[in-house]
There are 2 protein chains.
Amino acid sequence: MPNKELISKLFQNDKRAVSRAITIIESNEHRSTQILKEIHNRTGNAYRIGITGPPGAGKSTLTNQLTKYFRKQNKTVGIVAVDPTSPFSGGALLGDRVRMSEIGNDPGVFIRSMATRGSLGGLSKKTNDAADILDAAGYNFIILETVGVGQSELDIAKAADTTIVVLVPESGDSIQAMKAGLMEIADFFVLNKSDRPGADTALTAIQTILMLRDHTEKDWLPVILKAVASENIGINEIAGEIIKHKGYLENNDLLKYRREEKFRLRIKEIVESLIHKEFWHNENLSTLNDSLKDVVEGILSPYELAENLFNKYKSTTISKG
Amino acid sequence: MPNKELISKLFQNDKRAVSRAITIIESNEHRSTQILKEIHNRTGNAYRIGITGPPGAGKSTLTNQLTKYFRKQNKTVGIVAVDPTSPFSGGALLGDRVRMSEIGNDPGVFIRSMATRGSLGGLSKKTNDAADILDAAGYNFIILETVGVGQSELDIAKAADTTIVVLVPESGDSIQAMKAGLMEIADFFVLNKSDRPGADTALTAIQTILMLRDHTEKDWLPVILKAVASENIGINEIAGEIIKHKGYLENNDLLKYRREEKFRLRIKEIVESLIHKEFWHNENLSTLNDSLKDVVEGILSPYELAENLFNKYKSTTISKG
């Protein structure tokens, strides 16, 4: 399908075109850039929700319930589930089968898994790109879901207007290990599976950590909402908190500001990927390969070789001009 | 302390100088580059062991026991514990107090925690740099320890000659979530806390996943060693396997090859950090800031703005020449 046809079908929310466009984002950088340029002026209407948290916190169950909630309000929902631990493109995430059977046949819902490990430009670039596709296709809400490991939760936050961190009573270790990252990005928390033992202890632990947090937006204090997503308990409150946060951002002119900041990071990433491609042409790769032996033997330090390559690149650019 | 004095003390393994040099790596990129260039021809003698695995697998206990083992063989040991989840420099890792009381007063052991979250150049660059410092200071073995979340286990593998992945019987979920990353980097596995229920099931699970793995080095098949590190059970076997793997790499000329590959990645990262700094000078940042409004309003796509910046950079470089 040529780009023009694909984009025209995308604007009509043809699900096959949406799916195809996301595959292009995963696999064909040149073509995906062309498409993303063309559709940009049709984006910015969807509200983007990030959902992250440790493995097993019930993120996809929560996504499903929120989707059903929004559907009852006649809003359409696009879902991108990002798996930062898998290098396999197009692979299905755990829980995808359940998810598909519950909401996958609803014409107002689009679900897609993306595997991003090791992808050029990283998780946040691809997530943003996929969200743009769903935005241009006209979905009202976009849910971006990822397991919070390492930097992935930061990347999801870079693409979302509201970021929800999902924890469970048992995730004491995870809270400890991930607290720095998860605490700084959460617009609010969901303590899922809160009917399990230890819920109150976990609640106190999160509250304690929250008190240590620097609030960049002084007027918004992240709450912790209890839920049992699998039994649809607490979903109304979570959806309500999303809408409340959306209103807060809009009324304080923060939505635009936040989106500007997110575009700033995103543009920087794109520029760096362009430079990367320009830099590692054959000649520089040969120089690198030829000099590696000297580095291993201690004759040349990696920093010297890197500077040599960098300086040579600058002079090559000049002579080409 | 001026660089010359610092480096001279470093070569005498003055622990304060070693510690100071690693602080410079964490905090002062310009000075750290100078030092790393100076010491490069004194590196390459230490053997570098990477230890990674999910939170709670007992990585620091294993590190301690291996350290005590190597000390009995009259080998010195430098340890860098990298915390990819914390943005706080100099912060102590969990278990650090225990560690310090057990081996911290031994003059043949150096222990250091590094926080790398959000650091420019990333975890693998800083880990490699810190390992170089310990190498130049004359430590025989360097243990690089990190919790395997997201990409951090790949980064540790980029800095190590032998990479050990530590799992526990309970880490079923983690094995699932991290298997792609952990399986592709392990030179061998340790099933720690193997006196706990489910050890045999976990062993079978790891073996099954291992069978699916592509072996780049056909002659080396990663084994799974059972251990109870806290009771010093299985440590001799683990140390033996490290030495066996070291011998395998040396006898097949693979140690040099692996180190070349690691330098290749490292040099690429350094070059990109140089370009990054060169690119984002004030003028380009102003252009970016001034155009962000147009991007949010849909007039200009992020990809167009990125290309404009990139093309402007190239022409600026030319006119400067």
# chains A, B, ... in the order shown; residues from 1 in each chain; ligands from 1
>>> residues_around(residues="segment 230-237 of chain A", least_positions_apart="6", cutoff="8 Å", atoms="only C-alpha atoms", output="PDB file with C-alpha atoms, in the first residue's frame")
ATOM      1  CA  THR A  61      -5.983  -6.083  33.544  1.00  0.00           C
ATOM      2  CA  LEU A  62      -6.204  -2.445  34.594  1.00  0.00           C
ATOM      3  CA  GLN A  65     -10.987  -2.332  32.672  1.00  0.00           C
ATOM      4  CA  LEU A  66     -10.199   1.299  31.930  1.00  0.00           C
ATOM      5  CA  TYR A  69     -14.986   2.156  31.215  1.00  0.00           C
TER       6      TYR A  69
END
>>> residues_around(residues="Ser273 of chain A", least_positions_apart="2", cutoff="10 Å", atoms="only C-alpha atoms", output="list in words")
Leu120, Gly121, Gly122, Ile267, Lys268, Glu269, Ile270, Val271, Ile275, His276, Lys277, Glu278 and Phe279 of chain A; Glu272 and Ala306 of chain B
>>> residues_around(residues="Pro169 of chain A", least_positions_apart="2", cutoff="8 Å", atoms="only C-alpha atoms", output="NGL selection string")
:A and (167 or 171-172 or 191-194 or 196-203)
>>> write_last_selection(atoms="C-alpha atoms", output="PDB file, in the first residue's frame")
ATOM      1  CA  LEU A 167       1.935  -1.448  42.469  1.00  0.00           C
ATOM      2  CA  SER A 171       5.957  -5.409  45.476  1.00  0.00           C
ATOM      3  CA  GLY A 172       7.991  -4.274  48.459  1.00  0.00           C
ATOM      4  CA  LEU A 191      -2.327  -0.122  44.621  1.00  0.00           C
ATOM      5  CA  ASN A 192      -3.792  -3.065  42.752  1.00  0.00           C
ATOM      6  CA  LYS A 193      -4.786  -6.413  44.316  1.00  0.00           C
ATOM      7  CA  SER A 194      -5.455  -4.373  47.447  1.00  0.00           C
ATOM      8  CA  ARG A 196      -4.429  -9.100  49.576  1.00  0.00           C
ATOM      9  CA  PRO A 197      -2.572  -9.161  52.897  1.00  0.00           C
ATOM     10  CA  GLY A 198      -0.082  -6.344  53.356  1.00  0.00           C
ATOM     11  CA  ALA A 199      -2.070  -3.739  51.435  1.00  0.00           C
ATOM     12  CA  ASP A 200      -2.069  -1.225  54.277  1.00  0.00           C
ATOM     13  CA  THR A 201       1.637  -1.703  54.924  1.00  0.00           C
ATOM     14  CA  ALA A 202       2.365  -1.149  51.246  1.00  0.00           C
ATOM     15  CA  LEU A 203       0.153   1.943  51.243  1.00  0.00           C
TER      16      LEU A 203
END
>>> closest_residue(among="A:Lys37, A:Lys126, A:Lys4, A:Lys75", to="chain B", atoms="only C-alpha atoms")
A:Lys37
>>> closest_residue(among="A:Gln34, A:Ser60, A:Asn251, A:Thr76", to="chain B", atoms="only C-alpha atoms")
A:Gln34
>>> closest_residue(among="A:Asp219, A:Glu153, A:Asp195, A:Asp161", to="chain B", atoms="only C-alpha atoms")
A:Glu153
>>> residues_around(residues="Gly138 of chain B", least_positions_apart="6", cutoff="8 Å", atoms="only C-alpha atoms", output="list in words")
Phe11, Asn13, Asn45 and Ala46 of chain B
>>> write_last_selection(atoms="C-alpha atoms", output="PDB file, in the first residue's frame")
ATOM      1  CA  PHE B  11      49.426   2.871  40.187  1.00  0.00           C
ATOM      2  CA  ASN B  13      46.998   1.127  44.608  1.00  0.00           C
ATOM      3  CA  ASN B  45      45.765  -7.245  33.077  1.00  0.00           C
ATOM      4  CA  ALA B  46      42.758  -7.713  35.337  1.00  0.00           C
TER       5      ALA B  46
END
>>> residues_around(residues="Val296 of chain B", least_positions_apart="3", cutoff="8 Å", atoms="only C-alpha atoms", output="number ranges by chain")
A: 44, 256, 259-260, 263; B: 292-293, 299
>>> write_last_selection(atoms="C-alpha atoms", output="compact mmCIF listing (two decimals), in the first residue's frame")
# COMPACT_ATOMS: atom_id res chain seq x y z
CA GLY A 44 -2.59 16.26 19.40
CA LYS A 256 0.73 22.37 26.37
CA ARG A 259 3.78 18.38 25.55
CA GLU A 260 6.39 20.94 24.56
CA PHE A 263 8.56 17.11 22.03
CA LEU B 292 8.59 23.90 19.84
CA LYS B 293 5.37 25.95 19.78
CA ILE B 299 2.46 23.27 12.03
>>> residues_around(residues="Thr127 of chain A", least_positions_apart="6", cutoff="12 Å", atoms="only C-alpha atoms", output="PDB file with N, CA and C atoms, in the first residue's frame")
ATOM      1  N   ILE A  22       1.943   0.869  12.159  1.00  0.00           N
ATOM      2  CA  ILE A  22       2.765   0.584  13.344  1.00  0.00           C
ATOM      3  C   ILE A  22       3.860  -0.429  12.999  1.00  0.00           C
ATOM      4  N   ILE A  25       6.589   1.512  11.573  1.00  0.00           N
ATOM      5  CA  ILE A  25       7.354   2.175  12.646  1.00  0.00           C
ATOM      6  C   ILE A  25       8.361   1.224  13.277  1.00  0.00           C
ATOM      7  N   GLU A  26       7.944  -0.030  13.444  1.00  0.00           N
ATOM      8  CA  GLU A  26       8.847  -1.009  14.055  1.00  0.00           C
ATOM      9  C   GLU A  26      10.015  -1.369  13.136  1.00  0.00           C
ATOM     10  N   ARG A  48      -3.198  10.968  26.181  1.00  0.00           N
ATOM     11  CA  ARG A  48      -2.283   9.826  26.286  1.00  0.00           C
ATOM     12  C   ARG A  48      -2.018   9.446  27.740  1.00  0.00           C
ATOM     13  N   ILE A  49      -2.345   8.212  28.072  1.00  0.00           N
ATOM     14  CA  ILE A  49      -2.218   7.720  29.441  1.00  0.00           C
ATOM     15  C   ILE A  49      -1.112   6.668  29.490  1.00  0.00           C
ATOM     16  N   GLY A  50      -0.140   6.855  30.354  1.00  0.00           N
ATOM     17  CA  GLY A  50       0.913   5.862  30.530  1.00  0.00           C
ATOM     18  C   GLY A  50       0.625   4.996  31.743  1.00  0.00           C
ATOM     19  N   ILE A  79      -4.520   1.111  22.301  1.00  0.00           N
ATOM     20  CA  ILE A  79      -3.604   0.589  23.325  1.00  0.00           C
ATOM     21  C   ILE A  79      -2.288   0.161  22.675  1.00  0.00           C
ATOM     22  N   VAL A  80      -1.188   0.635  23.219  1.00  0.00           N
ATOM     23  CA  VAL A  80       0.122   0.136  22.797  1.00  0.00           C
ATOM     24  C   VAL A  80       0.792  -0.477  24.018  1.00  0.00           C
ATOM     25  N   ALA A  81       1.023  -1.775  23.968  1.00  0.00           N
ATOM     26  CA  ALA A  81       1.707  -2.468  25.062  1.00  0.00           C
ATOM     27  C   ALA A  81       3.156  -2.680  24.641  1.00  0.00           C
ATOM     28  N   VAL A  82       4.066  -2.018  25.359  1.00  0.00           N
ATOM     29  CA  VAL A  82       5.468  -2.035  24.967  1.00  0.00           C
ATOM     30  C   VAL A  82       6.231  -3.017  25.835  1.00  0.00           C
ATOM     31  N   ASP A  83       6.958  -3.913  25.206  1.00  0.00           N
ATOM     32  CA  ASP A  83       7.754  -4.882  25.953  1.00  0.00           C
ATOM     33  C   ASP A  83       9.240  -4.567  25.769  1.00  0.00           C
ATOM     34  N   PRO A  84       9.835  -3.901  26.754  1.00  0.00           N
ATOM     35  CA  PRO A  84      11.227  -3.489  26.580  1.00  0.00           C
ATOM     36  C   PRO A  84      12.210  -4.628  26.760  1.00  0.00           C
ATOM     37  N   ARG A 112      -2.235  -3.165  20.327  1.00  0.00           N
ATOM     38  CA  ARG A 112      -1.020  -3.557  19.634  1.00  0.00           C
ATOM     39  C   ARG A 112       0.139  -3.734  20.618  1.00  0.00           C
ATOM     40  N   SER A 113       0.882  -4.815  20.464  1.00  0.00           N
ATOM     41  CA  SER A 113       2.108  -5.002  21.238  1.00  0.00           C
ATOM     42  C   SER A 113       3.308  -4.571  20.407  1.00  0.00           C
ATOM     43  N   MET A 114       4.265  -3.958  21.069  1.00  0.00           N
ATOM     44  CA  MET A 114       5.517  -3.617  20.388  1.00  0.00           C
ATOM     45  C   MET A 114       6.689  -4.127  21.203  1.00  0.00           C
ATOM     46  N   ALA A 115       7.639  -4.734  20.517  1.00  0.00           N
ATOM     47  CA  ALA A 115       8.875  -5.149  21.175  1.00  0.00           C
ATOM     48  C   ALA A 115       9.941  -4.143  20.802  1.00  0.00           C
ATOM     49  N   THR A 116      10.643  -3.619  21.783  1.00  0.00           N
ATOM     50  CA  THR A 116      11.523  -2.490  21.484  1.00  0.00           C
ATOM     51  C   THR A 116      12.967  -2.716  21.883  1.00  0.00           C
ATOM     52  N   SER A 119      16.159  -1.569  19.926  1.00  0.00           N
ATOM     53  CA  SER A 119      15.762  -0.850  18.720  1.00  0.00           C
ATOM     54  C   SER A 119      16.446   0.506  18.673  1.00  0.00           C
ATOM     55  N   GLY A 121      17.013   4.219  18.484  1.00  0.00           N
ATOM     56  CA  GLY A 121      16.150   5.334  18.868  1.00  0.00           C
ATOM     57  C   GLY A 121      15.380   5.041  20.140  1.00  0.00           C
ATOM     58  N   ILE A 133       0.345   7.594  15.537  1.00  0.00           N
ATOM     59  CA  ILE A 133      -0.484   6.869  14.561  1.00  0.00           C
ATOM     60  C   ILE A 133      -1.908   6.728  15.097  1.00  0.00           C
ATOM     61  N   LEU A 134      -2.033   6.293  16.357  1.00  0.00           N
ATOM     62  CA  LEU A 134      -3.359   6.101  16.951  1.00  0.00           C
ATOM     63  C   LEU A 134      -4.082   7.438  17.119  1.00  0.00           C
ATOM     64  N   ILE A 142      -5.423   7.151  24.394  1.00  0.00           N
ATOM     65  CA  ILE A 142      -4.373   6.208  24.042  1.00  0.00           C
ATOM     66  C   ILE A 142      -3.743   5.734  25.343  1.00  0.00           C
ATOM     67  N   ILE A 143      -3.726   4.424  25.522  1.00  0.00           N
ATOM     68  CA  ILE A 143      -3.095   3.871  26.728  1.00  0.00           C
ATOM     69  C   ILE A 143      -1.766   3.243  26.326  1.00  0.00           C
ATOM     70  N   LEU A 144      -0.698   3.718  26.951  1.00  0.00           N
ATOM     71  CA  LEU A 144       0.641   3.210  26.702  1.00  0.00           C
ATOM     72  C   LEU A 144       1.043   2.421  27.930  1.00  0.00           C
ATOM     73  N   GLU A 145       1.303   1.141  27.740  1.00  0.00           N
ATOM     74  CA  GLU A 145       1.499   0.254  28.886  1.00  0.00           C
ATOM     75  C   GLU A 145       2.876  -0.380  28.791  1.00  0.00           C
ATOM     76  N   THR A 146       3.647  -0.329  29.868  1.00  0.00           N
ATOM     77  CA  THR A 146       4.936  -1.017  29.842  1.00  0.00           C
ATOM     78  C   THR A 146       5.319  -1.496  31.227  1.00  0.00           C
ATOM     79  N   SER A 152      12.610   2.024  31.276  1.00  0.00           N
ATOM     80  CA  SER A 152      11.424   1.980  30.423  1.00  0.00           C
ATOM     81  C   SER A 152      10.281   2.820  30.977  1.00  0.00           C
ATOM     82  N   GLU A 153      10.178   2.897  32.322  1.00  0.00           N
ATOM     83  CA  GLU A 153       9.085   3.695  32.877  1.00  0.00           C
ATOM     84  C   GLU A 153       9.304   5.183  32.630  1.00  0.00           C
ATOM     85  N   LEU A 154      10.554   5.605  32.567  1.00  0.00           N
ATOM     86  CA  LEU A 154      10.826   6.994  32.214  1.00  0.00           C
ATOM     87  C   LEU A 154      10.433   7.264  30.769  1.00  0.00           C
ATOM     88  N   ASP A 155      10.708   6.279  29.919  1.00  0.00           N
ATOM     89  CA  ASP A 155      10.395   6.429  28.502  1.00  0.00           C
ATOM     90  C   ASP A 155       8.891   6.534  28.271  1.00  0.00           C
ATOM     91  N   ILE A 156       8.130   5.733  29.000  1.00  0.00           N
ATOM     92  CA  ILE A 156       6.675   5.790  28.883  1.00  0.00           C
ATOM     93  C   ILE A 156       6.177   7.158  29.351  1.00  0.00           C
ATOM     94  N   ALA A 157       6.759   7.646  30.435  1.00  0.00           N
ATOM     95  CA  ALA A 157       6.336   8.950  30.953  1.00  0.00           C
ATOM     96  C   ALA A 157       6.611  10.063  29.945  1.00  0.00           C
ATOM     97  N   LYS A 158       7.665   9.878  29.141  1.00  0.00           N
ATOM     98  CA  LYS A 158       7.989  10.876  28.121  1.00  0.00           C
ATOM     99  C   LYS A 158       6.920  10.948  27.035  1.00  0.00           C
ATOM    100  N   ALA A 159       6.125   9.898  26.923  1.00  0.00           N
ATOM    101  CA  ALA A 159       5.128   9.860  25.850  1.00  0.00           C
ATOM    102  C   ALA A 159       3.712  10.107  26.359  1.00  0.00           C
ATOM    103  N   ALA A 160       3.520  10.187  27.674  1.00  0.00           N
ATOM    104  CA  ALA A 160       2.161  10.239  28.227  1.00  0.00           C
ATOM    105  C   ALA A 160       1.823  11.615  28.801  1.00  0.00           C
ATOM    106  N   ARG A 266      11.952  14.373  22.468  1.00  0.00           N
ATOM    107  CA  ARG A 266      11.761  13.512  21.312  1.00  0.00           C
ATOM    108  C   ARG A 266      12.574  14.011  20.115  1.00  0.00           C
TER     109      ARG A 266
END
